[in-house]
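Enquirer: Quick one: this structure, given as structure tokens, is what I'll be asking you about.
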There are 2 protein chains.
Amino acid sequence: MTASADLIAPADGLDRDLGWAIGVVSRGYRQRAMGAVEGLPAGPRGYHVLCAVSEGVPRSQLALARRLGLDKTVMTHLIDDLEQAGMVTRRPDPRDRRARQVVITADGARALVQAREQVAVAEAGLLAGLSAEESRALRALMGRVARQAQASAGQAGDSAASDCA
Amino acid sequence: MTASADLIAPADGLDRDLGWAIGVVSRGYRQRAMGAVEGLPAGPRGYHVLCAVSEGVPRSQLALARRLGLDKTVMTHLIDDLEQAGMVTRRPDPRDRRARQVVITADGARALVQAREQVAVAEAGLLAGLSAEESRALRALMGRVARQAQASAGQAGDSAASDCA
DNA sequence: TATTGTTATACTCTATAACTATA
DNA sequence: TATAGTTATAGAGTATAACAATA
């Protein structure tokens, strides 16, 4: 730095700039997570799609897009990549010939298990400065804020939130 | 796992997928903040630059970039936009003819005060589902994680973190 | 030789519109 | 008329390399 010494506030004044903290944490997570899901196509987003696909009954691309808060055009490309990598397959919905059900393959399930482990490691690294209790508190609070944010953003949200971990 | 029904966790299992929550919260914040800083150029990033510029002694563009964890090439464009809007000015550093000091103008200071108020409103909206104590806890925890993430990412970080709010 | 700042380039993520085939 | 999916396009955000001026 050029010269300074008199910063306006002490170090903990950052607590009040939530947006700044969110941006930094988000970038930090993305960097770590990108390494963790290296084996998957489309990076962290492909990982989350795979998570959603593996959740329960096969869903349409549109249902997946709504679940993840993404646009359907984005979902097309993500499914393209995952299908090309042999991790999911598209099959026609017998009850609606417009729709396609997306199902995970054995390879996809294997890759997902592996990715989950490495993502857990990456998350732990990100929260390394926090105690176990603080980590739990942060996860819970962020989860609540995220659910509310998604509910208020995309009104067509599904019932439950992602359980992927 | 192909067509199962046995989900691993109930709805609150999302607590464990921190990355997902971070992404949703980050997007939600950006949407709200973009409206809040509408009067500033370059959106939330211009706002944060203006925050950093107004902090203390004038700093060089490179110092600002390091402080915000951005690349110096990004900083060039951000300062361009802010200068064109009349909110900051570049002036030569008398002690280093390579460097330029970035200082805030009266217009910039006025715009920043106004933006801060609206950003506070946006943040409050994002955390509307949390109690006052929970909000404080989340801000504190996110701040700690952010400081550590920035410290481990850009080793050349400054001493203090942003106090902008 | 290293650093400050600029420019140019490319790649990713995101947003939008237009089109098809079904309903 | 509305919906599921695809394609194409344009805009941000980010990362990198190359360059000029100065240290």
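Each chain of the structure tokens is named A, B, ... in the order shown, its residues numbered from 1; ligands are numbered from 1 in display order.
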Computed after least-squares fitting of chain B to chain A on all C-alpha atoms in order, what is the RMSD in Å?
Expert: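 In short, the RMSD is 2.1 Å.
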Enquirer: Return as a list in words the residues belonging to chain A that are within 9 Å of chain C, counting only C-alpha atoms (C1' of nucleotides).
Expert: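 The complete set of qualifying residues is Asp71, Val74, Asp96, Arg97, Arg98 and Ala99 of chain A.
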Enquirer: Interatomic distance between atom CA of A:Ala128 and atom CA of B:Ala149?
Expert: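 So the two atoms, atom CA of A:Ala128 and atom CA of B:Ala149, lie 9.6 Å apart.
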Enquirer: Using DSSP on the backbone, list every residue of stretch 26-134 of chain A that comes out as strand (DSSP E), and give them as a PyMOL selection string.
Expert: chain A and resi 59-60+88-93+96-104
Enquirer: For chain D, list the residues within 9 Å of chain A, counting only C-alpha atoms (C1' of nucleotides), and write the list as a list in words.
Expert: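 That gives the following set of residues: DT3, DA4, DG5 and DT6 of chain D.
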Enquirer: Write a file of the just-selected residues containing all heavy atoms, as a PDB file, in the first residue's frame.
Expert:
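Output saved as selection-v6.pdb:
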ATOM      1  P    DT D   3     -48.485 -22.424 -19.606  1.00  0.00           P
ATOM      2  OP1  DT D   3     -48.902 -22.603 -18.206  1.00  0.00           O
ATOM      3  OP2  DT D   3     -47.768 -21.230 -20.043  1.00  0.00           O
ATOM      4  O5'  DT D   3     -47.620 -23.699 -20.011  1.00  0.00           O
ATOM      5  C5'  DT D   3     -48.170 -24.990 -19.845  1.00  0.00           C
ATOM      6  C4'  DT D   3     -47.310 -26.020 -20.545  1.00  0.00           C
ATOM      7  O4'  DT D   3     -47.330 -25.772 -21.973  1.00  0.00           O
ATOM      8  C3'  DT D   3     -45.833 -26.003 -20.131  1.00  0.00           C
ATOM      9  O3'  DT D   3     -45.475 -27.310 -19.694  1.00  0.00           O
ATOM     10  C2'  DT D   3     -45.090 -25.623 -21.409  1.00  0.00           C
ATOM     11  C1'  DT D   3     -46.058 -26.081 -22.487  1.00  0.00           C
ATOM     12  N1   DT D   3     -45.915 -25.378 -23.784  1.00  0.00           N
ATOM     13  C2   DT D   3     -45.620 -26.107 -24.900  1.00  0.00           C
ATOM     14  O2   DT D   3     -45.476 -27.317 -24.878  1.00  0.00           O
ATOM     15  N3   DT D   3     -45.509 -25.368 -26.062  1.00  0.00           N
ATOM     16  C4   DT D   3     -45.650 -24.005 -26.193  1.00  0.00           C
ATOM     17  O4   DT D   3     -45.520 -23.452 -27.279  1.00  0.00           O
ATOM     18  C5   DT D   3     -45.959 -23.291 -24.970  1.00  0.00           C
ATOM     19  C7   DT D   3     -46.145 -21.807 -25.005  1.00  0.00           C
ATOM     20  C6   DT D   3     -46.080 -24.007 -23.840  1.00  0.00           C
ATOM     21  P    DA D   4     -43.938 -27.518 -19.138  1.00  0.00           P
ATOM     22  OP1  DA D   4     -44.042 -28.457 -18.016  1.00  0.00           O
ATOM     23  OP2  DA D   4     -43.297 -26.200 -18.937  1.00  0.00           O
ATOM     24  O5'  DA D   4     -43.180 -28.258 -20.335  1.00  0.00           O
ATOM     25  C5'  DA D   4     -43.478 -29.620 -20.586  1.00  0.00           C
ATOM     26  C4'  DA D   4     -42.428 -30.234 -21.499  1.00  0.00           C
ATOM     27  O4'  DA D   4     -42.523 -29.617 -22.802  1.00  0.00           O
ATOM     28  C3'  DA D   4     -40.986 -30.045 -21.036  1.00  0.00           C
ATOM     29  O3'  DA D   4     -40.233 -31.230 -21.287  1.00  0.00           O
ATOM     30  C2'  DA D   4     -40.482 -28.880 -21.882  1.00  0.00           C
ATOM     31  C1'  DA D   4     -41.321 -28.984 -23.157  1.00  0.00           C
ATOM     32  N9   DA D   4     -41.668 -27.665 -23.700  1.00  0.00           N
ATOM     33  C8   DA D   4     -42.125 -26.591 -23.000  1.00  0.00           C
ATOM     34  N7   DA D   4     -42.364 -25.533 -23.751  1.00  0.00           N
ATOM     35  C5   DA D   4     -42.035 -25.950 -25.028  1.00  0.00           C
ATOM     36  C6   DA D   4     -42.059 -25.301 -26.271  1.00  0.00           C
ATOM     37  N6   DA D   4     -42.449 -24.034 -26.440  1.00  0.00           N
ATOM     38  N1   DA D   4     -41.669 -26.005 -27.349  1.00  0.00           N
ATOM     39  C2   DA D   4     -41.282 -27.277 -27.193  1.00  0.00           C
ATOM     40  N3   DA D   4     -41.210 -27.997 -26.069  1.00  0.00           N
ATOM     41  C4   DA D   4     -41.610 -27.262 -25.016  1.00  0.00           C
ATOM     42  P    DG D   5     -38.687 -31.256 -20.800  1.00  0.00           P
ATOM     43  OP1  DG D   5     -38.327 -32.657 -20.588  1.00  0.00           O
ATOM     44  OP2  DG D   5     -38.505 -30.281 -19.708  1.00  0.00           O
ATOM     45  O5'  DG D   5     -37.903 -30.740 -22.077  1.00  0.00           O
ATOM     46  C5'  DG D   5     -37.891 -31.561 -23.241  1.00  0.00           C
ATOM     47  C4'  DG D   5     -37.354 -30.786 -24.422  1.00  0.00           C
ATOM     48  O4'  DG D   5     -38.110 -29.583 -24.593  1.00  0.00           O
ATOM     49  C3'  DG D   5     -35.905 -30.313 -24.290  1.00  0.00           C
ATOM     50  O3'  DG D   5     -35.073 -31.189 -25.033  1.00  0.00           O
ATOM     51  C2'  DG D   5     -35.923 -28.892 -24.874  1.00  0.00           C
ATOM     52  C1'  DG D   5     -37.338 -28.720 -25.378  1.00  0.00           C
ATOM     53  N9   DG D   5     -37.851 -27.357 -25.238  1.00  0.00           N
ATOM     54  C8   DG D   5     -38.222 -26.713 -24.081  1.00  0.00           C
ATOM     55  N7   DG D   5     -38.652 -25.496 -24.289  1.00  0.00           N
ATOM     56  C5   DG D   5     -38.559 -25.321 -25.658  1.00  0.00           C
ATOM     57  C6   DG D   5     -38.875 -24.198 -26.472  1.00  0.00           C
ATOM     58  O6   DG D   5     -39.313 -23.102 -26.119  1.00  0.00           O
ATOM     59  N1   DG D   5     -38.625 -24.446 -27.818  1.00  0.00           N
ATOM     60  C2   DG D   5     -38.137 -25.636 -28.312  1.00  0.00           C
ATOM     61  N2   DG D   5     -37.962 -25.705 -29.619  1.00  0.00           N
ATOM     62  N3   DG D   5     -37.841 -26.691 -27.567  1.00  0.00           N
ATOM     63  C4   DG D   5     -38.076 -26.461 -26.262  1.00  0.00           C
ATOM     64  P    DT D   6     -33.471 -30.878 -25.067  1.00  0.00           P
ATOM     65  OP1  DT D   6     -32.803 -32.146 -25.438  1.00  0.00           O
ATOM     66  OP2  DT D   6     -33.104 -30.180 -23.831  1.00  0.00           O
ATOM     67  O5'  DT D   6     -33.315 -29.869 -26.283  1.00  0.00           O
ATOM     68  C5'  DT D   6     -33.711 -30.272 -27.589  1.00  0.00           C
ATOM     69  C4'  DT D   6     -33.590 -29.114 -28.563  1.00  0.00           C
ATOM     70  O4'  DT D   6     -34.422 -28.024 -28.100  1.00  0.00           O
ATOM     71  C3'  DT D   6     -32.177 -28.531 -28.697  1.00  0.00           C
ATOM     72  O3'  DT D   6     -31.660 -28.904 -29.959  1.00  0.00           O
ATOM     73  C2'  DT D   6     -32.380 -27.007 -28.559  1.00  0.00           C
ATOM     74  C1'  DT D   6     -33.887 -26.823 -28.593  1.00  0.00           C
ATOM     75  N1   DT D   6     -34.404 -25.726 -27.747  1.00  0.00           N
ATOM     76  C2   DT D   6     -34.797 -24.555 -28.327  1.00  0.00           C
ATOM     77  O2   DT D   6     -34.740 -24.348 -29.524  1.00  0.00           O
ATOM     78  N3   DT D   6     -35.274 -23.604 -27.455  1.00  0.00           N
ATOM     79  C4   DT D   6     -35.394 -23.722 -26.077  1.00  0.00           C
ATOM     80  O4   DT D   6     -35.831 -22.818 -25.390  1.00  0.00           O
ATOM     81  C5   DT D   6     -34.948 -24.986 -25.531  1.00  0.00           C
ATOM     82  C7   DT D   6     -35.034 -25.227 -24.062  1.00  0.00           C
ATOM     83  C6   DT D   6     -34.489 -25.919 -26.378  1.00  0.00           C
TER      84       DT D   6
END
Enquirer: Expressed in Å to a single decimal, how great is the separation between atom CA of B:Gly35 and atom CA of B:Leu70?
Expert: 22.3 Å
Enquirer: May I ask for the distance between atom CA of B:Ser54 and atom CA of B:Asp80, given in Å to one decimal place?
Expert: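 Calculated distance between atom CA of B:Ser54 and atom CA of B:Asp80 is 16.5 Å.
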